[in-house]
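my_file-v2.cif follows (mmCIF, C-alpha atoms):
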```
data_entry
#
loop_
_atom_site.label_atom_id
_atom_site.label_comp_id
_atom_site.auth_asym_id
_atom_site.auth_seq_id
_atom_site.Cartn_x
_atom_site.Cartn_y
_atom_site.Cartn_z
CA LEU A 1 -53.21 -101.87 -52.78
CA ALA A 2 -51.59 -103.37 -49.69
CA LEU A 3 -54.85 -102.99 -47.76
CA GLY A 4 -56.72 -104.78 -50.56
CA TRP A 5 -54.38 -107.75 -50.38
CA ALA A 6 -54.51 -107.72 -46.58
CA CYS A 7 -58.31 -107.77 -46.68
CA TRP A 8 -58.29 -110.73 -49.08
CA LYS A 9 -55.73 -112.69 -47.05
CA THR A 10 -57.85 -112.20 -43.95
CA TYR A 11 -60.91 -113.92 -45.45
CA VAL A 12 -59.53 -116.19 -48.19
CA GLY A 13 -59.59 -119.23 -45.90
CA ARG A 14 -63.32 -118.99 -45.29
CA PRO A 15 -65.89 -121.05 -47.27
CA GLU A 16 -66.65 -119.94 -50.82
CA ALA A 17 -70.17 -118.84 -49.89
CA ASN A 18 -69.00 -116.70 -46.97
CA GLU A 19 -70.23 -113.14 -47.46
CA GLN A 20 -67.07 -111.50 -46.07
CA ARG A 21 -64.92 -113.59 -48.39
CA CYS A 22 -66.90 -112.47 -51.44
CA LEU A 23 -66.76 -108.85 -50.34
CA ALA A 24 -63.00 -109.10 -49.81
CA MET A 25 -62.56 -110.52 -53.32
CA GLY A 26 -64.55 -107.63 -54.75
CA VAL A 27 -62.46 -105.13 -52.77
CA LEU A 28 -59.24 -106.69 -54.08
CA GLY A 29 -60.48 -106.53 -57.66
CA ASP A 30 -61.51 -102.89 -57.31
CA VAL A 31 -58.18 -101.95 -55.71
CA LEU A 32 -56.20 -103.67 -58.45
CA SER A 33 -58.29 -101.89 -61.07
CA GLN A 34 -57.82 -98.50 -59.43
CA SER A 35 -54.08 -99.15 -59.05
CA SER A 36 -53.61 -99.35 -62.82
CA GLN A 37 -53.37 -103.13 -62.80
CA PRO A 38 -56.42 -104.02 -64.94
CA ALA A 39 -54.94 -107.29 -66.25
CA GLU A 40 -54.51 -108.54 -62.68
CA ALA A 41 -57.93 -107.23 -61.66
CA LEU A 42 -59.83 -108.96 -64.48
CA PRO A 43 -59.71 -112.60 -63.25
CA VAL A 44 -60.52 -111.41 -59.72
CA LEU A 45 -63.64 -109.50 -60.75
CA GLU A 46 -64.71 -112.28 -63.12
CA ALA A 47 -64.43 -114.84 -60.32
CA ASN A 48 -66.23 -112.52 -57.93
CA LEU A 49 -69.20 -112.19 -60.29
CA VAL A 50 -69.40 -115.97 -60.73
CA LEU A 51 -69.40 -116.49 -56.96
CA MET A 52 -71.98 -113.76 -56.40
CA ARG A 53 -74.33 -115.34 -58.95
CA ARG A 54 -73.78 -118.82 -57.51
CA ASN A 55 -74.09 -118.06 -53.81
CA PHE A 56 -76.00 -114.78 -53.54
CA SER A 57 -78.61 -114.99 -56.29
CA HIS A 58 -81.11 -113.43 -53.87
CA ASP A 59 -79.03 -110.24 -53.59
CA GLU A 60 -79.70 -108.71 -56.99
CA GLN A 61 -78.27 -105.31 -56.08
CA ALA A 62 -74.92 -106.84 -55.12
CA ILE A 63 -74.83 -108.79 -58.38
CA LEU A 64 -75.59 -105.65 -60.39
CA ILE A 65 -72.73 -103.85 -58.64
CA ALA A 66 -70.36 -106.73 -59.44
CA GLN A 67 -71.50 -106.69 -63.07
CA SER A 68 -71.04 -102.94 -63.32
CA ASN A 69 -67.54 -103.11 -61.85
CA LEU A 70 -66.53 -105.83 -64.32
CA ALA A 71 -68.09 -103.89 -67.21
CA SER A 72 -66.09 -100.78 -66.29
CA LEU A 73 -62.88 -102.79 -66.17
CA LEU A 74 -63.56 -104.41 -69.54
CA GLU A 75 -64.14 -100.95 -70.99
CA ALA A 76 -60.81 -99.77 -69.55
CA LEU A 77 -59.20 -102.74 -71.32
CA ALA A 78 -60.86 -101.65 -74.60
CA ARG A 79 -63.00 -104.80 -74.63
CA HIS A 80 -66.03 -102.74 -75.50
CA GLU A 81 -68.24 -105.50 -76.92
CA GLU A 82 -67.99 -107.57 -73.73
CA SER A 83 -68.49 -104.49 -71.59
CA LEU A 84 -71.62 -103.58 -73.54
CA VAL A 85 -73.17 -107.02 -72.96
CA LEU A 86 -72.86 -106.62 -69.18
CA LYS A 87 -74.03 -103.00 -69.25
CA ARG A 88 -77.12 -103.97 -71.22
CA GLU A 89 -77.97 -106.64 -68.63
CA VAL A 90 -77.60 -104.17 -65.76
CA PHE A 91 -79.68 -101.55 -67.54
CA ALA A 92 -82.42 -104.05 -68.35
CA ARG A 93 -82.62 -105.28 -64.75
CA CYS A 94 -82.72 -101.74 -63.36
CA THR A 95 -85.45 -100.81 -65.82
CA ALA A 96 -87.49 -103.87 -64.85
CA THR A 97 -87.08 -103.53 -61.08
CA LEU A 98 -86.77 -99.77 -60.51
CA GLY A 99 -88.59 -98.25 -63.48
CA ALA A 100 -87.40 -96.23 -66.45
CA SER A 101 -87.32 -92.90 -64.60
CA HIS A 102 -85.28 -94.02 -61.56
CA GLU A 103 -81.91 -92.31 -61.19
CA GLN A 104 -80.02 -95.61 -61.08
CA THR A 105 -81.74 -96.77 -64.26
CA ILE A 106 -80.81 -93.56 -66.05
CA SER A 107 -77.24 -93.86 -64.79
CA THR A 108 -76.88 -97.41 -66.10
CA GLY A 109 -78.48 -96.28 -69.37
CA LEU A 110 -75.82 -93.58 -69.63
CA ASN A 111 -73.19 -96.32 -69.30
CA VAL A 112 -74.80 -98.22 -72.19
CA SER A 113 -74.93 -95.03 -74.24
CA SER A 114 -71.20 -94.45 -73.71
CA SER A 115 -70.37 -97.98 -74.86
CA LEU A 116 -72.57 -97.61 -77.95
CA TYR A 117 -70.64 -94.43 -78.76
CA ASN A 118 -67.29 -96.19 -78.29
CA LEU A 119 -68.42 -98.95 -80.65
CA GLU A 120 -69.67 -96.38 -83.20
CA LEU A 121 -73.21 -97.77 -83.06
CA TRP A 122 -74.47 -94.33 -83.86
CA ASP A 123 -78.17 -94.93 -84.47
CA GLU A 124 -78.66 -96.86 -81.23
CA ALA A 125 -76.53 -94.40 -79.25
CA ILE A 126 -78.62 -91.48 -80.50
CA SER A 127 -81.92 -93.31 -79.95
CA LEU A 128 -81.06 -94.33 -76.39
CA ALA A 129 -79.86 -90.85 -75.42
CA ARG A 130 -83.12 -89.36 -76.73
CA GLU A 131 -85.09 -91.97 -74.76
CA LEU A 132 -83.26 -91.26 -71.50
CA LEU A 133 -83.17 -87.47 -71.65
CA PRO A 134 -86.83 -86.74 -70.71
CA PRO A 135 -86.70 -88.63 -67.37
CA ALA A 136 -83.22 -87.27 -66.73
CA ARG A 137 -84.33 -83.68 -67.27
CA SER A 138 -87.23 -84.25 -64.86
CA MET A 139 -84.57 -84.53 -62.14
CA GLY A 140 -83.09 -81.20 -63.20
CA ALA A 141 -81.60 -79.72 -66.35
CA ASP A 142 -78.35 -78.96 -64.50
CA GLN A 143 -77.93 -82.47 -63.09
CA HIS A 144 -74.74 -84.28 -64.05
CA LEU A 145 -76.66 -87.19 -65.62
CA THR A 146 -78.70 -84.84 -67.79
CA LEU A 147 -75.64 -82.97 -68.98
CA CYS A 148 -73.72 -86.19 -69.73
CA LEU A 149 -76.61 -87.63 -71.74
CA SER A 150 -76.98 -84.38 -73.68
CA GLN A 151 -73.25 -84.39 -74.34
CA ASN A 152 -73.36 -88.01 -75.53
CA LEU A 153 -76.22 -87.20 -77.88
CA ALA A 154 -74.44 -84.18 -79.34
CA MET A 155 -71.20 -86.09 -79.87
CA ALA A 156 -72.98 -89.03 -81.52
CA LEU A 157 -74.78 -86.62 -83.85
CA ARG A 158 -71.45 -84.96 -84.60
CA ASP A 159 -69.48 -88.15 -85.28
CA ASN A 160 -72.14 -90.13 -87.12
CA PRO A 161 -70.93 -90.25 -90.75
CA GLU A 162 -74.57 -90.22 -91.89
CA SER A 163 -75.38 -87.01 -90.01
CA THR A 164 -77.41 -84.55 -92.05
CA ARG A 165 -76.52 -80.94 -92.66
CA GLY A 166 -79.11 -78.51 -93.96
CA ASP A 167 -78.35 -75.67 -96.33
CA LEU A 168 -79.74 -73.04 -93.96
CA ARG A 169 -78.71 -72.46 -90.35
CA LEU A 170 -81.62 -71.99 -87.96
CA ASN A 171 -81.77 -69.32 -85.33
CA THR A 172 -79.78 -71.04 -82.59
CA ARG A 173 -80.89 -68.63 -79.90
CA ALA A 174 -84.54 -69.44 -80.60
CA ALA A 175 -83.80 -73.17 -80.73
CA LEU A 176 -82.23 -73.03 -77.28
CA THR A 177 -85.58 -72.10 -75.76
CA ARG A 178 -86.75 -75.66 -76.41
CA PRO A 179 -85.51 -78.71 -74.46
CA SER A 180 -82.71 -80.42 -76.37
CA PHE A 181 -84.48 -83.78 -76.44
CA ASP A 182 -87.43 -82.16 -78.24
CA LEU A 183 -85.28 -80.49 -80.85
CA ASN A 184 -85.91 -81.82 -84.37
CA THR A 185 -84.39 -79.55 -86.97
CA GLY A 186 -83.69 -82.07 -89.70
CA ASP A 187 -80.07 -80.98 -89.42
CA ASP A 188 -78.09 -83.28 -87.16
CA LEU A 189 -74.98 -81.10 -86.97
CA LEU A 190 -76.97 -77.99 -86.13
CA GLU A 191 -78.82 -79.95 -83.46
CA ALA A 192 -75.46 -81.14 -82.08
CA GLU A 193 -74.27 -77.52 -81.90
CA THR A 194 -77.43 -76.37 -80.14
CA ILE A 195 -77.32 -79.18 -77.58
CA MET A 196 -73.61 -78.76 -76.85
CA GLN A 197 -73.96 -75.00 -76.51
CA GLU A 198 -76.63 -75.56 -73.88
CA VAL A 199 -74.39 -78.06 -72.08
CA VAL A 200 -71.47 -75.62 -72.11
CA GLN A 201 -73.61 -72.80 -70.71
CA ARG A 202 -74.95 -74.99 -67.91
CA ARG A 203 -71.53 -76.41 -67.03
CA GLN A 204 -70.01 -72.94 -66.96
CA ARG A 205 -72.72 -71.80 -64.57
CA VAL A 206 -72.78 -74.87 -62.33
CA PHE A 207 -69.17 -76.09 -62.38
CA GLY A 208 -67.29 -72.97 -63.43
CA PRO A 209 -65.36 -72.09 -66.60
CA THR A 210 -62.11 -73.76 -65.49
CA ASN A 211 -63.66 -77.15 -64.67
CA PRO A 212 -62.16 -79.92 -66.88
CA LEU A 213 -65.64 -81.09 -67.90
CA THR A 214 -66.55 -77.56 -68.95
CA ARG A 215 -63.40 -77.21 -71.01
CA HIS A 216 -63.94 -80.61 -72.62
CA CYS A 217 -67.43 -79.55 -73.71
CA GLU A 218 -66.13 -76.19 -74.97
CA LEU A 219 -63.65 -78.08 -77.15
CA ALA A 220 -66.41 -80.37 -78.46
CA LEU A 221 -68.56 -77.33 -79.29
CA SER A 222 -65.65 -75.74 -81.13
CA GLN A 223 -65.16 -78.92 -83.16
CA ILE A 224 -68.83 -79.01 -84.12
CA ARG A 225 -68.70 -75.38 -85.26
CA ASP A 226 -65.57 -76.07 -87.30
CA ILE A 227 -67.43 -78.83 -89.13
CA LEU A 228 -70.39 -76.52 -89.78
CA GLU A 229 -68.14 -73.78 -91.15
CA HIS A 230 -66.48 -76.05 -93.72
#
```
What's the structure tokens form of this structure?
Amino acid sequence: LALGWACWKTYVGRPEANEQRCLAMGVLGDVLSQSSQPAEALPVLEANLVLMRRNFSHDEQAILIAQSNLASLLEALARHEESLVLKREVFARCTATLGASHEQTISTGLNVSSSLYNLELWDEAISLARELLPPARSMGADQHLTLCLSQNLAMALRDNPESTRGDLRLNTRAALTRPSFDLNTGDDLLEAETIMQEVVQRRQRVFGPTNPLTRHCELALSQIRDILEH
């Protein structure tokens, strides 16, 4: 935190459009955010985004980074609607400039998916996760992005109050032979179980059984199975 303030004090006297001054403001905002001072960080990151848009409109990547940082902070402050607006803008720009299958595009799409889940916009959260999973899986079924998107999809299917539940359980082992984004059982809860089971198996193999992410997914799988059993 002290280094963040020192960096800002070093460049604060320079003109508003000075690149080092803008970078120092961004550093200060990030440090405040990471130091559990989100309320203090918010006006700094908001001002930084305004200055970046005003003085560095040619540097789209830097603006996207500033937007993403502000969106993350707003999410930490539980201001999910505002965070979602910024995340949508970043995702749209990445899609337009980098293409739908670029890793950065998929990553920003994952951020949108998480916000949709937080806001309980179930249909859109499910639809977006299904849209993003094919290009994500092309980078590898064990990749972190792929596993996070699969997890988001399973949890949205689980928590959606309109999720369907068939009378008959399908053969889960056979269903697992198909990619999760192709799975269409007509039973949302069964699909959630199948997807999350695949995620758990992959996380156990790649990250180990004691990894916090693995344990979190194991708990989610257990919750889905509890719902199915009752």
Separation of atom CA of Pro15 of chain A from atom CA of Asp30 of chain A, in Å and rounded to one decimal: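 Straight-line distance from atom CA of Pro15 of chain A to atom CA of Asp30 of chain A works out to 21.2 Å.
Shortest atom-to-atom contact with Val90 of chain A among A:Met25, A:Ala47, A:Leu110, A:Leu73: A:Leu110, counting all atoms listed in the file.
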Test item: the PyMOL selection byres ((chain A and resi 77) around 12) resolved as a tab-separated table (two decimals) with C-alpha atoms, in the frame of the given file:
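Contents of the output file result-v2.tsv:
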```tsv
chain	number	residue	atom	x	y	z
A	33	SER	CA	-58.29	-101.89	-61.07
A	36	SER	CA	-53.61	-99.35	-62.82
A	37	GLN	CA	-53.37	-103.13	-62.80
A	38	PRO	CA	-56.42	-104.02	-64.94
A	39	ALA	CA	-54.94	-107.29	-66.25
A	40	GLU	CA	-54.51	-108.54	-62.68
A	41	ALA	CA	-57.93	-107.23	-61.66
A	42	LEU	CA	-59.83	-108.96	-64.48
A	70	LEU	CA	-66.53	-105.83	-64.32
A	71	ALA	CA	-68.09	-103.89	-67.21
A	72	SER	CA	-66.09	-100.78	-66.29
A	73	LEU	CA	-62.88	-102.79	-66.17
A	74	LEU	CA	-63.56	-104.41	-69.54
A	75	GLU	CA	-64.14	-100.95	-70.99
A	76	ALA	CA	-60.81	-99.77	-69.55
A	78	ALA	CA	-60.86	-101.65	-74.60
A	79	ARG	CA	-63.00	-104.80	-74.63
A	80	HIS	CA	-66.03	-102.74	-75.50
A	81	GLU	CA	-68.24	-105.50	-76.92
A	82	GLU	CA	-67.99	-107.57	-73.73
A	83	SER	CA	-68.49	-104.49	-71.59
```
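Here atom CA of Ala136 of chain A is placed at a distance of 16.3 Å from atom CA of Met196 of chain A.
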For the atom pair atom CA of Asp188 of chain A and atom CA of Val85 of chain A, what is the interatomic distance in Å to one decimal place?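 Computed distance, atom CA of Asp188 of chain A to atom CA of Val85 of chain A, equals 28.1 Å.
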Hey, can you pull every residue with an atom no more than 12 Å from (-66.6, -75.1, -90.3), using all atoms listed in the file, and send it as a ChimeraX atom specification? /A:165,189-190,193,221-230
Taking C-alpha atoms for each residue, export the selection above as a PDB file, keeping the file's coordinate frame.
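File selection13.pdb, as written:
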```pdb
ATOM      1  CA  ARG A 165     -76.520 -80.940 -92.660  1.00  0.00           C
ATOM      2  CA  LEU A 189     -74.980 -81.100 -86.970  1.00  0.00           C
ATOM      3  CA  LEU A 190     -76.970 -77.990 -86.130  1.00  0.00           C
ATOM      4  CA  GLU A 193     -74.270 -77.520 -81.900  1.00  0.00           C
ATOM      5  CA  LEU A 221     -68.560 -77.330 -79.290  1.00  0.00           C
ATOM      6  CA  SER A 222     -65.650 -75.740 -81.130  1.00  0.00           C
ATOM      7  CA  GLN A 223     -65.160 -78.920 -83.160  1.00  0.00           C
ATOM      8  CA  ILE A 224     -68.830 -79.010 -84.120  1.00  0.00           C
ATOM      9  CA  ARG A 225     -68.700 -75.380 -85.260  1.00  0.00           C
ATOM     10  CA  ASP A 226     -65.570 -76.070 -87.300  1.00  0.00           C
ATOM     11  CA  ILE A 227     -67.430 -78.830 -89.130  1.00  0.00           C
ATOM     12  CA  LEU A 228     -70.390 -76.520 -89.780  1.00  0.00           C
ATOM     13  CA  GLU A 229     -68.140 -73.780 -91.150  1.00  0.00           C
ATOM     14  CA  HIS A 230     -66.480 -76.050 -93.720  1.00  0.00           C
TER      15      HIS A 230
END
```
Option closest in space to Val206 of chain A, from A:Ala141, A:Val31, A:Leu49, A:Leu157 [counting all atoms listed in the file]: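 Residue with the minimum atom-to-atom distance to Val206 of chain A: A:Ala141.
Nearest residue to Ala220 of chain A among A:Glu89, A:Asp159, A:Glu120, A:Asp187 is A:Asp159, counting all atoms listed in the file.
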Any idea what's packed within 9 Å of Asn160 of chain A, counting only C-alpha atoms, ignoring anything in its chain fewer than 6 positions away? Could you give it as a PyMOL selection string? chain A and resi 120-123
Point out the residue among A:Glu162, A:Ser150, A:Thr105, A:Pro209 with the least atom-to-atom distance to Arg130 of chain A, counting only C-alpha atoms.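 Using only C-alpha atoms, the shortest distance to Arg130 of chain A belongs to A:Ser150.
Nearest to Val50 of chain A of all the residues A:Leu119, A:Val199, A:Ala156, A:Cys22 is A:Cys22, counting all atoms listed in the file.
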Of A:Arg215, A:Arg205, A:Arg53, A:Lys87, the one nearest to Asn69 of chain A when counting all atoms listed in the file is A:Lys87
Using the chain letters and numbers from the file, which residues does the PyMOL selection byres ((chain A and resi 137) around 10) grab, as a PyMOL selection string? chain A and resi 132-136+138-143+145-147+149-150+179-181
